[in-house]
$ cat target_23.cif   # mmCIF, C-alpha atoms
data_protein
loop_
_atom_site.label_atom_id
_atom_site.label_comp_id
_atom_site.auth_asym_id
_atom_site.auth_seq_id
_atom_site.Cartn_x
_atom_site.Cartn_y
_atom_site.Cartn_z
CA MET A 1 -26.88 -131.80 64.51
CA VAL A 2 -30.29 -130.18 64.10
CA GLU A 3 -28.87 -127.85 61.43
CA TYR A 4 -27.28 -130.82 59.63
CA LYS A 5 -30.61 -132.71 59.64
CA SER A 6 -32.36 -129.62 58.37
CA ILE A 7 -29.94 -129.33 55.45
CA LEU A 8 -30.29 -133.06 54.75
CA ASN A 9 -34.07 -132.90 54.80
CA SER A 10 -34.01 -129.86 52.54
CA SER A 11 -31.79 -131.68 50.03
CA GLN A 12 -34.03 -134.71 50.12
CA VAL A 13 -37.05 -132.54 49.43
CA MET A 14 -35.29 -130.88 46.48
CA ILE A 15 -34.28 -134.25 45.05
CA GLY A 16 -37.78 -135.58 45.55
CA CYS A 17 -39.26 -132.56 43.80
CA ALA A 18 -36.87 -133.02 40.89
CA VAL A 19 -37.79 -136.70 40.55
CA VAL A 20 -41.50 -135.90 40.67
CA ALA A 21 -41.05 -133.14 38.08
CA ALA A 22 -39.12 -135.50 35.79
CA LEU A 23 -41.76 -138.19 36.14
CA ALA A 24 -44.52 -135.66 35.47
CA THR A 25 -42.71 -134.42 32.37
CA ASN A 26 -42.18 -137.94 31.06
CA LEU A 27 -45.81 -138.80 31.76
CA TYR A 28 -46.96 -135.67 29.92
CA LEU A 29 -44.77 -136.46 26.91
CA TRP A 30 -45.97 -140.07 26.92
CA LEU A 31 -49.61 -138.97 27.01
CA GLN A 32 -49.02 -136.44 24.24
CA ASP A 33 -47.31 -139.09 22.11
CA LYS A 34 -50.12 -141.54 22.80
CA LYS A 35 -52.65 -138.89 21.87
CA LYS A 36 -50.84 -138.21 18.61
CA SER A 37 -50.67 -141.94 17.86
CA LYS A 38 -54.38 -142.46 18.45
CA LEU A 39 -56.44 -143.04 15.33
CA PRO A 40 -58.51 -140.01 14.32
CA GLU A 41 -62.22 -139.97 15.08
CA LYS A 42 -63.26 -138.14 11.91
CA TRP A 43 -62.17 -138.40 8.28
CA ILE A 44 -62.36 -135.49 5.82
CA PRO A 45 -62.21 -136.20 2.05
CA VAL A 46 -59.32 -134.37 0.35
CA GLY A 47 -58.81 -136.09 -3.02
CA LYS A 48 -58.88 -139.25 -5.09
CA ILE A 49 -56.26 -141.73 -6.26
CA SER A 50 -55.35 -141.05 -9.89
CA ASN A 51 -52.36 -143.39 -10.28
CA LEU A 52 -50.91 -146.46 -8.57
CA ILE A 53 -47.35 -147.47 -9.45
CA MET A 54 -45.30 -150.39 -8.23
CA TYR A 55 -41.54 -150.97 -8.74
CA PRO A 56 -40.96 -154.73 -8.42
CA LEU A 57 -37.23 -154.35 -9.15
CA LYS A 58 -35.57 -151.60 -7.13
CA SER A 59 -34.49 -148.65 -9.33
CA ALA A 60 -36.00 -150.22 -12.49
CA SER A 61 -39.09 -149.20 -14.44
CA GLY A 62 -42.46 -148.91 -12.73
CA VAL A 63 -45.61 -150.92 -13.34
CA SER A 64 -48.89 -149.01 -13.44
CA ILE A 65 -51.73 -150.93 -11.83
CA THR A 66 -55.40 -150.22 -11.21
CA SER A 67 -55.65 -151.81 -7.76
CA ALA A 68 -53.33 -153.23 -5.12
CA GLU A 69 -53.13 -154.92 -1.77
CA CYS A 70 -51.48 -152.69 0.83
CA THR A 71 -49.10 -154.75 2.94
CA ALA A 72 -46.53 -153.67 5.50
CA ARG A 73 -43.81 -154.41 2.92
CA GLY A 74 -45.38 -152.28 0.20
CA MET A 75 -48.03 -152.53 -2.50
CA LYS A 76 -48.70 -155.98 -3.91
CA GLU A 77 -50.54 -157.14 -6.98
CA LYS A 78 -53.94 -158.63 -6.35
CA SER A 79 -53.94 -162.37 -6.98
CA SER A 80 -55.65 -163.71 -10.08
CA GLU A 81 -58.91 -165.51 -9.56
CA ASP A 82 -57.37 -168.90 -10.34
CA GLY A 83 -54.09 -168.11 -8.53
CA SER A 84 -52.11 -169.05 -11.65
CA SER A 85 -49.73 -166.08 -11.74
CA ALA A 86 -47.10 -164.73 -9.37
CA MET A 87 -48.01 -161.63 -7.40
CA LEU A 88 -45.49 -158.83 -7.80
CA GLN A 89 -44.66 -156.69 -4.78
CA ASP A 90 -43.08 -153.27 -4.59
CA ARG A 91 -39.27 -153.33 -4.45
CA SER A 92 -39.05 -157.02 -3.66
CA PHE A 93 -36.23 -157.66 -6.18
CA MET A 94 -32.82 -156.00 -6.14
CA ILE A 95 -29.69 -156.28 -8.31
CA TYR A 96 -26.46 -156.43 -6.33
CA ASP A 97 -22.76 -157.00 -6.90
CA GLU A 98 -21.68 -160.10 -5.02
CA LYS A 99 -18.07 -158.89 -4.91
CA THR A 100 -18.75 -155.54 -3.23
CA GLY A 101 -22.17 -156.28 -1.78
CA MET A 102 -23.52 -152.97 -3.13
CA PHE A 103 -26.93 -152.83 -4.77
CA LEU A 104 -27.28 -151.41 -8.29
CA THR A 105 -29.16 -148.16 -8.90
CA ALA A 106 -29.92 -145.98 -11.88
CA LYS A 107 -27.21 -143.60 -10.65
CA THR A 108 -24.72 -146.45 -10.93
CA ASP A 109 -25.90 -147.66 -14.34
CA ARG A 110 -28.85 -146.14 -16.16
CA LYS A 111 -29.56 -149.41 -18.01
CA VAL A 112 -31.38 -150.58 -14.90
CA LEU A 113 -34.15 -148.09 -15.74
CA ASN A 114 -35.02 -150.09 -18.86
CA ILE A 115 -35.54 -153.40 -17.10
CA SER A 116 -39.17 -154.34 -16.62
CA VAL A 117 -40.72 -157.11 -14.56
CA LYS A 118 -44.07 -158.79 -15.12
CA SER A 119 -45.92 -161.68 -13.55
CA SER A 120 -45.74 -165.08 -15.19
CA VAL A 121 -47.01 -168.47 -14.13
CA GLN A 122 -47.19 -169.17 -10.42
CA ASN A 123 -43.88 -168.54 -8.61
CA SER A 124 -42.12 -167.05 -11.62
CA VAL A 125 -41.67 -163.63 -13.23
CA VAL A 126 -40.40 -162.41 -16.60
CA LEU A 127 -37.59 -159.85 -16.87
CA SER A 128 -37.09 -157.94 -20.10
CA SER A 129 -34.56 -155.41 -21.36
CA PRO A 130 -33.77 -153.80 -24.74
CA GLU A 131 -30.23 -155.20 -24.35
CA THR A 132 -31.16 -158.88 -24.79
CA GLU A 133 -33.97 -161.43 -24.92
CA GLU A 134 -36.38 -161.70 -21.98
CA ILE A 135 -35.96 -164.34 -19.31
CA GLU A 136 -38.34 -166.20 -17.03
CA VAL A 137 -37.11 -166.36 -13.46
CA GLN A 138 -38.33 -168.80 -10.85
CA MET A 139 -38.80 -167.13 -7.50
CA PRO A 140 -36.38 -168.71 -5.02
CA SER A 141 -37.74 -171.04 -2.40
CA GLU A 142 -37.47 -170.34 1.30
CA ASN A 143 -34.53 -172.73 1.62
CA GLY A 144 -32.49 -170.95 -1.06
CA LYS A 145 -29.13 -169.22 -0.82
CA LEU A 146 -29.03 -166.14 1.41
CA SER A 147 -26.62 -163.33 0.52
CA LYS A 148 -25.82 -160.01 2.18
CA CYS A 149 -26.27 -156.73 0.36
CA LEU A 150 -25.49 -153.11 1.20
CA MET A 151 -28.11 -150.46 0.60
CA HIS A 152 -28.00 -146.69 1.11
CA HIS A 153 -25.69 -145.45 3.88
CA GLY A 154 -24.22 -148.93 4.33
CA GLU A 155 -27.37 -150.58 5.68
CA GLU A 156 -26.89 -154.35 5.44
CA VAL A 157 -29.83 -156.47 4.33
CA ASN A 158 -30.26 -160.11 3.36
CA VAL A 159 -31.48 -161.23 -0.07
CA MET A 160 -32.44 -164.62 -1.43
CA ASP A 161 -30.31 -165.22 -4.53
CA CYS A 162 -32.28 -166.00 -7.74
CA GLY A 163 -29.65 -168.23 -9.37
CA ASP A 164 -26.95 -168.40 -12.03
CA GLU A 165 -29.19 -168.26 -15.11
CA VAL A 166 -30.52 -164.79 -14.38
CA ALA A 167 -27.01 -163.73 -13.27
CA GLU A 168 -25.80 -164.59 -16.78
CA TRP A 169 -28.72 -162.59 -18.20
CA LEU A 170 -27.63 -159.59 -16.12
CA ARG A 171 -24.11 -159.96 -17.49
CA LYS A 172 -25.52 -159.63 -21.02
CA VAL A 173 -27.57 -156.57 -20.05
CA PHE A 174 -24.84 -154.66 -18.22
CA GLY A 175 -21.69 -156.07 -19.81
CA LYS A 176 -20.10 -156.56 -16.40
CA ASP A 177 -17.69 -159.28 -15.33
CA GLY A 178 -20.44 -161.58 -14.14
CA SER A 179 -20.56 -160.46 -10.50
CA LEU A 180 -24.09 -159.04 -10.66
CA ARG A 181 -26.81 -161.13 -9.04
CA LEU A 182 -30.58 -160.83 -8.62
CA GLY A 183 -31.83 -160.89 -5.04
CA TYR A 184 -35.37 -161.45 -3.80
CA TYR A 185 -37.15 -160.68 -0.53
CA VAL A 186 -38.63 -163.79 1.10
CA SER A 187 -40.44 -162.40 4.12
CA ASP A 188 -40.31 -165.54 6.25
CA GLU A 189 -36.57 -166.04 5.79
CA ILE A 190 -35.08 -162.56 5.73
CA ALA A 191 -34.59 -160.62 8.95
CA LYS A 192 -36.79 -157.55 9.26
CA ARG A 193 -35.11 -154.16 8.98
CA LYS A 194 -34.95 -152.28 12.29
CA PRO A 195 -35.14 -148.51 12.77
CA THR A 196 -33.18 -149.05 15.99
CA ASP A 197 -30.11 -150.14 13.99
CA THR A 198 -27.25 -147.62 14.05
CA ILE A 199 -27.76 -146.61 10.42
CA TRP A 200 -31.33 -145.49 11.14
CA LYS A 201 -30.71 -143.55 14.36
CA LYS A 202 -30.03 -140.29 12.55
CA TYR A 203 -33.51 -140.55 11.04
CA THR A 204 -35.46 -141.82 14.05
CA GLY A 205 -33.89 -139.13 16.21
CA VAL A 206 -35.63 -136.54 14.03
CA TYR A 207 -38.60 -138.46 12.63
CA ASN A 208 -39.93 -140.35 15.64
CA LYS A 209 -43.02 -141.75 13.90
CA LEU A 210 -40.88 -144.13 11.81
CA ARG A 211 -41.53 -147.76 12.86
CA LYS A 212 -39.95 -151.05 11.84
CA GLU A 213 -43.22 -151.91 10.09
CA ASP A 214 -42.78 -148.87 7.80
CA LEU A 215 -39.41 -149.72 6.25
CA GLY A 216 -40.65 -151.98 3.48
CA ALA A 217 -38.73 -154.74 1.72
CA PHE A 218 -35.98 -152.86 -0.14
CA SER A 219 -37.42 -149.31 -0.11
CA ASP A 220 -35.10 -146.40 0.71
CA ILE A 221 -37.07 -145.12 3.71
CA ALA A 222 -40.67 -146.35 3.87
CA SER A 223 -43.11 -148.62 2.05
CA TYR A 224 -45.23 -145.88 0.45
CA MET A 225 -44.43 -142.56 -1.20
CA ILE A 226 -47.33 -140.25 -1.99
CA LEU A 227 -47.55 -137.02 -3.96
CA THR A 228 -50.34 -135.00 -5.54
CA GLU A 229 -51.06 -133.90 -9.09
CA GLU A 230 -51.48 -130.34 -7.84
CA SER A 231 -47.92 -130.35 -6.47
CA LEU A 232 -46.62 -131.60 -9.82
CA LYS A 233 -48.55 -128.89 -11.67
CA GLU A 234 -47.18 -126.18 -9.37
CA LEU A 235 -43.65 -127.41 -10.05
CA ASN A 236 -44.15 -127.57 -13.82
CA ASP A 237 -45.64 -124.05 -13.82
CA ARG A 238 -42.27 -122.87 -12.47
CA LEU A 239 -40.25 -124.75 -15.12
CA GLU A 240 -39.51 -123.92 -18.72
CA PRO A 241 -41.56 -126.13 -21.09
CA ALA A 242 -38.47 -128.07 -22.18
CA ASN A 243 -37.69 -128.96 -18.56
CA GLN A 244 -41.16 -130.01 -17.41
CA VAL A 245 -41.50 -133.46 -15.85
CA THR A 246 -44.03 -136.18 -15.07
CA TYR A 247 -44.68 -138.14 -11.90
CA LYS A 248 -42.32 -140.81 -13.28
CA ASN A 249 -39.33 -138.61 -12.37
CA PHE A 250 -40.29 -138.96 -8.70
CA ARG A 251 -41.23 -142.66 -8.55
CA PRO A 252 -44.30 -142.37 -6.29
CA ASN A 253 -46.47 -145.32 -5.32
CA ILE A 254 -49.68 -143.32 -5.00
CA VAL A 255 -50.64 -140.15 -6.89
CA VAL A 256 -53.59 -138.18 -5.54
CA SER A 257 -55.66 -135.65 -7.50
CA PHE A 258 -58.36 -133.08 -6.73
CA THR A 259 -56.63 -131.78 -3.62
CA GLN A 260 -57.33 -128.19 -2.63
CA SER A 261 -53.80 -126.84 -3.00
CA PRO A 262 -50.27 -127.79 -4.08
CA PHE A 263 -48.21 -129.62 -1.45
CA ALA A 264 -51.27 -130.37 0.65
CA GLU A 265 -49.64 -133.74 1.36
CA ASP A 266 -47.04 -131.97 3.52
CA ASN A 267 -49.65 -131.50 6.22
CA TRP A 268 -51.27 -134.93 6.09
CA ASP A 269 -50.63 -136.95 9.24
CA TRP A 270 -53.17 -139.78 9.28
CA ILE A 271 -54.89 -140.65 6.01
CA LYS A 272 -57.50 -143.21 5.03
CA ILE A 273 -57.87 -144.57 1.51
CA GLY A 274 -61.22 -146.05 0.57
CA ASP A 275 -63.05 -147.85 3.35
CA LYS A 276 -60.25 -149.66 5.15
CA VAL A 277 -56.61 -148.74 4.50
CA ILE A 278 -55.12 -146.31 7.03
CA MET A 279 -51.63 -144.81 6.69
CA ARG A 280 -49.53 -142.35 8.65
CA GLN A 281 -46.93 -139.92 7.36
CA VAL A 282 -43.46 -140.71 8.69
CA LYS A 283 -41.06 -138.44 6.79
CA PRO A 284 -40.86 -135.91 3.95
CA CYS A 285 -39.32 -137.32 0.78
CA THR A 286 -36.15 -135.33 0.12
CA ARG A 287 -34.76 -135.35 -3.40
CA CYS A 288 -31.40 -135.81 -5.11
CA VAL A 289 -29.99 -135.68 -8.64
CA VAL A 290 -31.89 -138.82 -9.69
CA ILE A 291 -35.01 -136.73 -10.38
CA THR A 292 -33.08 -134.90 -13.11
CA MET A 293 -32.76 -138.17 -15.08
CA ASN A 294 -35.12 -138.76 -17.97
CA PRO A 295 -37.07 -141.82 -16.73
CA SER A 296 -37.16 -143.23 -20.26
CA ASN A 297 -33.44 -143.16 -21.10
CA GLY A 298 -31.55 -142.11 -17.98
CA VAL A 299 -30.07 -138.96 -19.55
CA TYR A 300 -29.46 -136.17 -17.01
CA ASN A 301 -31.02 -132.74 -17.54
CA LYS A 302 -28.19 -130.29 -18.28
CA GLN A 303 -29.89 -127.51 -16.28
CA ARG A 304 -30.26 -129.80 -13.22
CA GLU A 305 -34.02 -129.47 -13.48
CA PRO A 306 -36.35 -129.98 -11.73
CA LEU A 307 -33.94 -130.26 -8.76
CA LYS A 308 -32.63 -126.70 -9.20
CA THR A 309 -36.12 -125.18 -9.05
CA LEU A 310 -37.20 -127.34 -6.12
CA GLU A 311 -34.12 -126.22 -4.19
CA SER A 312 -35.29 -122.62 -4.55
CA PHE A 313 -38.63 -123.04 -2.75
CA ARG A 314 -39.00 -126.50 -1.18
CA GLN A 315 -36.45 -126.60 1.63
CA VAL A 316 -37.29 -128.02 5.06
CA THR A 317 -37.58 -125.33 7.74
CA ASP A 318 -37.41 -127.34 10.97
CA PRO A 319 -33.87 -126.83 12.38
CA GLU A 320 -33.35 -130.52 13.26
CA GLN A 321 -34.62 -131.66 9.88
CA LYS A 322 -32.44 -129.07 8.16
CA LYS A 323 -29.37 -130.37 9.99
CA LEU A 324 -30.13 -133.86 8.68
CA GLU A 325 -31.38 -133.09 5.17
CA GLY A 326 -29.09 -130.21 4.22
CA LYS A 327 -30.14 -128.55 0.94
CA SER A 328 -32.13 -131.53 -0.35
CA PRO A 329 -35.61 -130.24 -1.29
CA VAL A 330 -38.90 -131.97 -0.46
CA PHE A 331 -41.30 -133.40 -3.03
CA GLY A 332 -43.79 -135.97 -1.77
CA GLN A 333 -44.17 -137.68 1.59
CA TYR A 334 -43.35 -141.14 2.96
CA PHE A 335 -46.12 -143.11 4.65
CA GLY A 336 -46.37 -146.34 6.60
CA VAL A 337 -49.50 -148.47 6.61
CA HIS A 338 -51.37 -149.12 9.89
CA HIS A 339 -54.54 -150.85 8.65
CA LEU A 340 -54.05 -153.26 5.74
CA GLY A 341 -56.45 -153.70 2.83
CA SER A 342 -56.88 -153.05 -0.87
CA ILE A 343 -56.96 -149.76 -2.75
CA SER A 344 -57.90 -148.83 -6.32
CA ILE A 345 -57.70 -145.90 -8.71
CA GLY A 346 -60.64 -143.62 -8.00
CA ASP A 347 -60.70 -144.35 -4.26
CA THR A 348 -61.30 -141.34 -2.03
CA VAL A 349 -58.43 -140.17 0.17
CA TYR A 350 -59.33 -138.78 3.59
CA ILE A 351 -57.30 -136.95 6.22
CA GLY A 352 -57.86 -137.62 9.89
CA SER A 353 -59.29 -135.07 12.27
CA ASN A 354 -59.96 -135.22 16.01
#

$ encode --input "target_23.cif" --output "structure tokens"
Amino acid sequence: MVEYKSILNSSQVMIGCAVVAALATNLYLWLQDKKKSKLPEKWIPVGKISNLIMYPLKSASGVSITSAECTARGMKEKSSEDGSSAMLQDRSFMIYDEKTGMFLTAKTDRKVLNISVKSSVQNSVVLSSPETEEIEVQMPSENGKLSKCLMHHGEEVNVMDCGDEVAEWLRKVFGKDGSLRLGYYVSDEIAKRKPTDTIWKKYTGVYNKLRKEDLGAFSDIASYMILTEESLKELNDRLEPANQVTYKNFRPNIVVSFTQSPFAEDNWDWIKIGDKVIMRQVKPCTRCVVITMNPSNGVYNKQREPLKTLESFRQVTDPEQKKLEGKSPVFGQYFGVHHLGSISIGDTVYIGSN
């Protein structure tokens, strides 16, 4: 009996030690994560904003702006002094096929690249295309028609339909059978995207800084994509003159200049822009064949450039990231905003340091 109790006590001690060790490990990891999530105490200047670009209609042409409000759902136009015009927001409109539910991209039909969106009178915007006359579109009210749409990898999102008149306009632009619709993001009515959804788990399992607040309205991964002029120059120095590209091939929101070296943005964790806006890097921006399209006409580069050159020297090296990203090269970084505010061209960009 004594021997049995001795064995029992020994087992209990071992189990207790294992539990304590597990708790200690979890506590350590929690403290490390909390430490990493803590805002930096110091900020070191590393560059200045040289370009700000917003894409009101997903996959369509960009709009260069001089200043913007940084919201959780992406960059937004600053309101006019008299409040008479609509305020465009990054990727808040999306074209979708109501029969299949799939959204339209430049890969699907390059004509989408030539559609531009501009602010009009309050609560309306103007869409234009070389294919037909422009149209003024009233932004749908919060009690409008909700439709479901499928984005990349089958992620299902809700859109507020913009009506039959603009649907007819899209039919003229694309020559389809009339099943294309224009959807809009109404923040108070549309359910927020969740990184805990099944479709996102493959990303959050590798990139654990990605939060629901970072996903944007209809962005692919996160609300903000940042690259530097020095990175673009390094890439173009490796390309033949006929294959050289501009930032428009990569569709960034923020372009930074005067950084010390190419691809400095790879190592930015926390950044501050100007006096108030604070962002955190959540994922490298991996690239596909879309960057080989001429942003003006949608024609693909026959040499697969600049994708081919990027593949030769811009692969991820982390084993878990490599398993997820495959051979897709990196150019630019995704960021989520933590402190809201306004930014302008010429603002200083800082990196955080503890």

$ residues_around --input "target_23.cif" --residues "Ala60 of chain A" --least-positions-apart "6" --cutoff "7 Å" --atoms "all atoms listed in the file" --output "mmCIF file with C-alpha atoms, in the coordinates of the input"
data_model
loop_
_atom_site.group_PDB
_atom_site.id
_atom_site.type_symbol
_atom_site.label_atom_id
_atom_site.label_comp_id
_atom_site.auth_asym_id
_atom_site.auth_seq_id
_atom_site.Cartn_x
_atom_site.Cartn_y
_atom_site.Cartn_z
ATOM 1 C CA VAL A 112 -31.380 -150.580 -14.900
ATOM 2 C CA LEU A 113 -34.150 -148.090 -15.740
ATOM 3 C CA ASN A 114 -35.020 -150.090 -18.860
ATOM 4 C CA ILE A 115 -35.540 -153.400 -17.100
ATOM 5 C CA SER A 116 -39.170 -154.340 -16.620
#

$ residues_around --input "target_23.cif" --residues "Ile278 of chain A" --least-positions-apart "6" --cutoff "6 Å" --atoms "only C-alpha atoms" --output "PyMOL selection string"
chain A and resi 271-272+338-339

$ resolve_selection --input "target_23.cif" --expression "the PyMOL selection byres ((chain A and resi 348) around 9)" --output "list of chain:residue names"
A:Pro45, A:Val46, A:Gly47, A:Lys48, A:Ile49, A:Lys272, A:Ile273, A:Gly274, A:Asp275, A:Ile345, A:Gly346, A:Asp347, A:Val349, A:Tyr350

$ resolve_selection --input "target_23.cif" --expression "the PyMOL selection byres ((chain A and resi 156) around 12)" --output "ChimeraX atom specification"
/A:96,100-103,147-155,157-159,190-194,197-200,218

$ write_last_selection --input "target_23.cif" --atoms "C-alpha atoms" --output "CSV table (one decimal), in the coordinates of the input"
chain,number,residue,atom,x,y,z
A,96,TYR,CA,-26.5,-156.4,-6.3
A,100,THR,CA,-18.8,-155.5,-3.2
A,101,GLY,CA,-22.2,-156.3,-1.8
A,102,MET,CA,-23.5,-153.0,-3.1
A,103,PHE,CA,-26.9,-152.8,-4.8
A,147,SER,CA,-26.6,-163.3,0.5
A,148,LYS,CA,-25.8,-160.0,2.2
A,149,CYS,CA,-26.3,-156.7,0.4
A,150,LEU,CA,-25.5,-153.1,1.2
A,151,MET,CA,-28.1,-150.5,0.6
A,152,HIS,CA,-28.0,-146.7,1.1
A,153,HIS,CA,-25.7,-145.4,3.9
A,154,GLY,CA,-24.2,-148.9,4.3
A,155,GLU,CA,-27.4,-150.6,5.7
A,157,VAL,CA,-29.8,-156.5,4.3
A,158,ASN,CA,-30.3,-160.1,3.4
A,159,VAL,CA,-31.5,-161.2,-0.1
A,190,ILE,CA,-35.1,-162.6,5.7
A,191,ALA,CA,-34.6,-160.6,9.0
A,192,LYS,CA,-36.8,-157.6,9.3
A,193,ARG,CA,-35.1,-154.2,9.0
A,194,LYS,CA,-35.0,-152.3,12.3
A,197,ASP,CA,-30.1,-150.1,14.0
A,198,THR,CA,-27.2,-147.6,14.0
A,199,ILE,CA,-27.8,-146.6,10.4
A,200,TRP,CA,-31.3,-145.5,11.1
A,218,PHE,CA,-36.0,-152.9,-0.1

$ atom_distance --input "target_23.cif" --atom1 "atom CA of Ser59 of chain A" --atom2 "atom CA of Thr105 of chain A"
5.4 Å

$ resolve_selection --input "target_23.cif" --expression "the PyMOL selection byres ((chain A and resi 110) around 12)" --output "list in words"
Ser59, Ala60, Ser61, Leu104, Thr105, Ala106, Lys107, Thr108, Asp109, Lys111, Val112, Leu113, Asn114, Ile115, Val173, Phe174, Val290, Met293, Asn294, Pro295, Ser296, Asn297, Gly298, Val299 and Tyr300 of chain A

$ build_atoms --input "target_23.cif" --residues "segment 252-263 of chain A" --atoms "N, CA and C atoms" --output "mmCIF file, in the coordinates of the input"
data_model
loop_
_atom_site.group_PDB
_atom_site.id
_atom_site.type_symbol
_atom_site.label_atom_id
_atom_site.label_comp_id
_atom_site.auth_asym_id
_atom_site.auth_seq_id
_atom_site.Cartn_x
_atom_site.Cartn_y
_atom_site.Cartn_z
ATOM 1 N N PRO A 252 -43.358 -142.187 -7.398
ATOM 2 C CA PRO A 252 -44.300 -142.370 -6.290
ATOM 3 C C PRO A 252 -44.999 -143.722 -6.387
ATOM 4 N N ASN A 253 -45.594 -144.148 -5.290
ATOM 5 C CA ASN A 253 -46.470 -145.320 -5.320
ATOM 6 C C ASN A 253 -47.922 -144.913 -5.531
ATOM 7 N N ILE A 254 -48.295 -143.785 -4.926
ATOM 8 C CA ILE A 254 -49.680 -143.320 -5.000
ATOM 9 C C ILE A 254 -49.687 -141.849 -5.405
ATOM 10 N N VAL A 255 -50.454 -141.540 -6.467
ATOM 11 C CA VAL A 255 -50.640 -140.150 -6.890
ATOM 12 C C VAL A 255 -52.092 -139.780 -6.594
ATOM 13 N N VAL A 256 -52.264 -138.641 -5.942
ATOM 14 C CA VAL A 256 -53.590 -138.180 -5.540
ATOM 15 C C VAL A 256 -53.945 -136.927 -6.321
ATOM 16 N N SER A 257 -55.190 -136.833 -6.770
ATOM 17 C CA SER A 257 -55.660 -135.650 -7.500
ATOM 18 C C SER A 257 -56.839 -135.018 -6.773
ATOM 19 N N PHE A 258 -57.218 -133.829 -7.264
ATOM 20 C CA PHE A 258 -58.360 -133.080 -6.730
ATOM 21 C C PHE A 258 -58.144 -132.598 -5.305
ATOM 22 N N THR A 259 -56.894 -132.385 -4.922
ATOM 23 C CA THR A 259 -56.630 -131.780 -3.620
ATOM 24 C C THR A 259 -56.817 -130.275 -3.729
ATOM 25 N N GLN A 260 -56.995 -129.602 -2.607
ATOM 26 C CA GLN A 260 -57.330 -128.190 -2.630
ATOM 27 C C GLN A 260 -56.166 -127.299 -3.043
ATOM 28 N N SER A 261 -54.939 -127.709 -2.728
ATOM 29 C CA SER A 261 -53.800 -126.840 -3.000
ATOM 30 C C SER A 261 -52.549 -127.670 -3.247
ATOM 31 N N PRO A 262 -51.541 -127.087 -3.908
ATOM 32 C CA PRO A 262 -50.270 -127.790 -4.080
ATOM 33 C C PRO A 262 -49.621 -128.084 -2.731
ATOM 34 N N PHE A 263 -48.963 -129.204 -2.647
ATOM 35 C CA PHE A 263 -48.210 -129.620 -1.450
ATOM 36 C C PHE A 263 -49.094 -129.795 -0.229
#
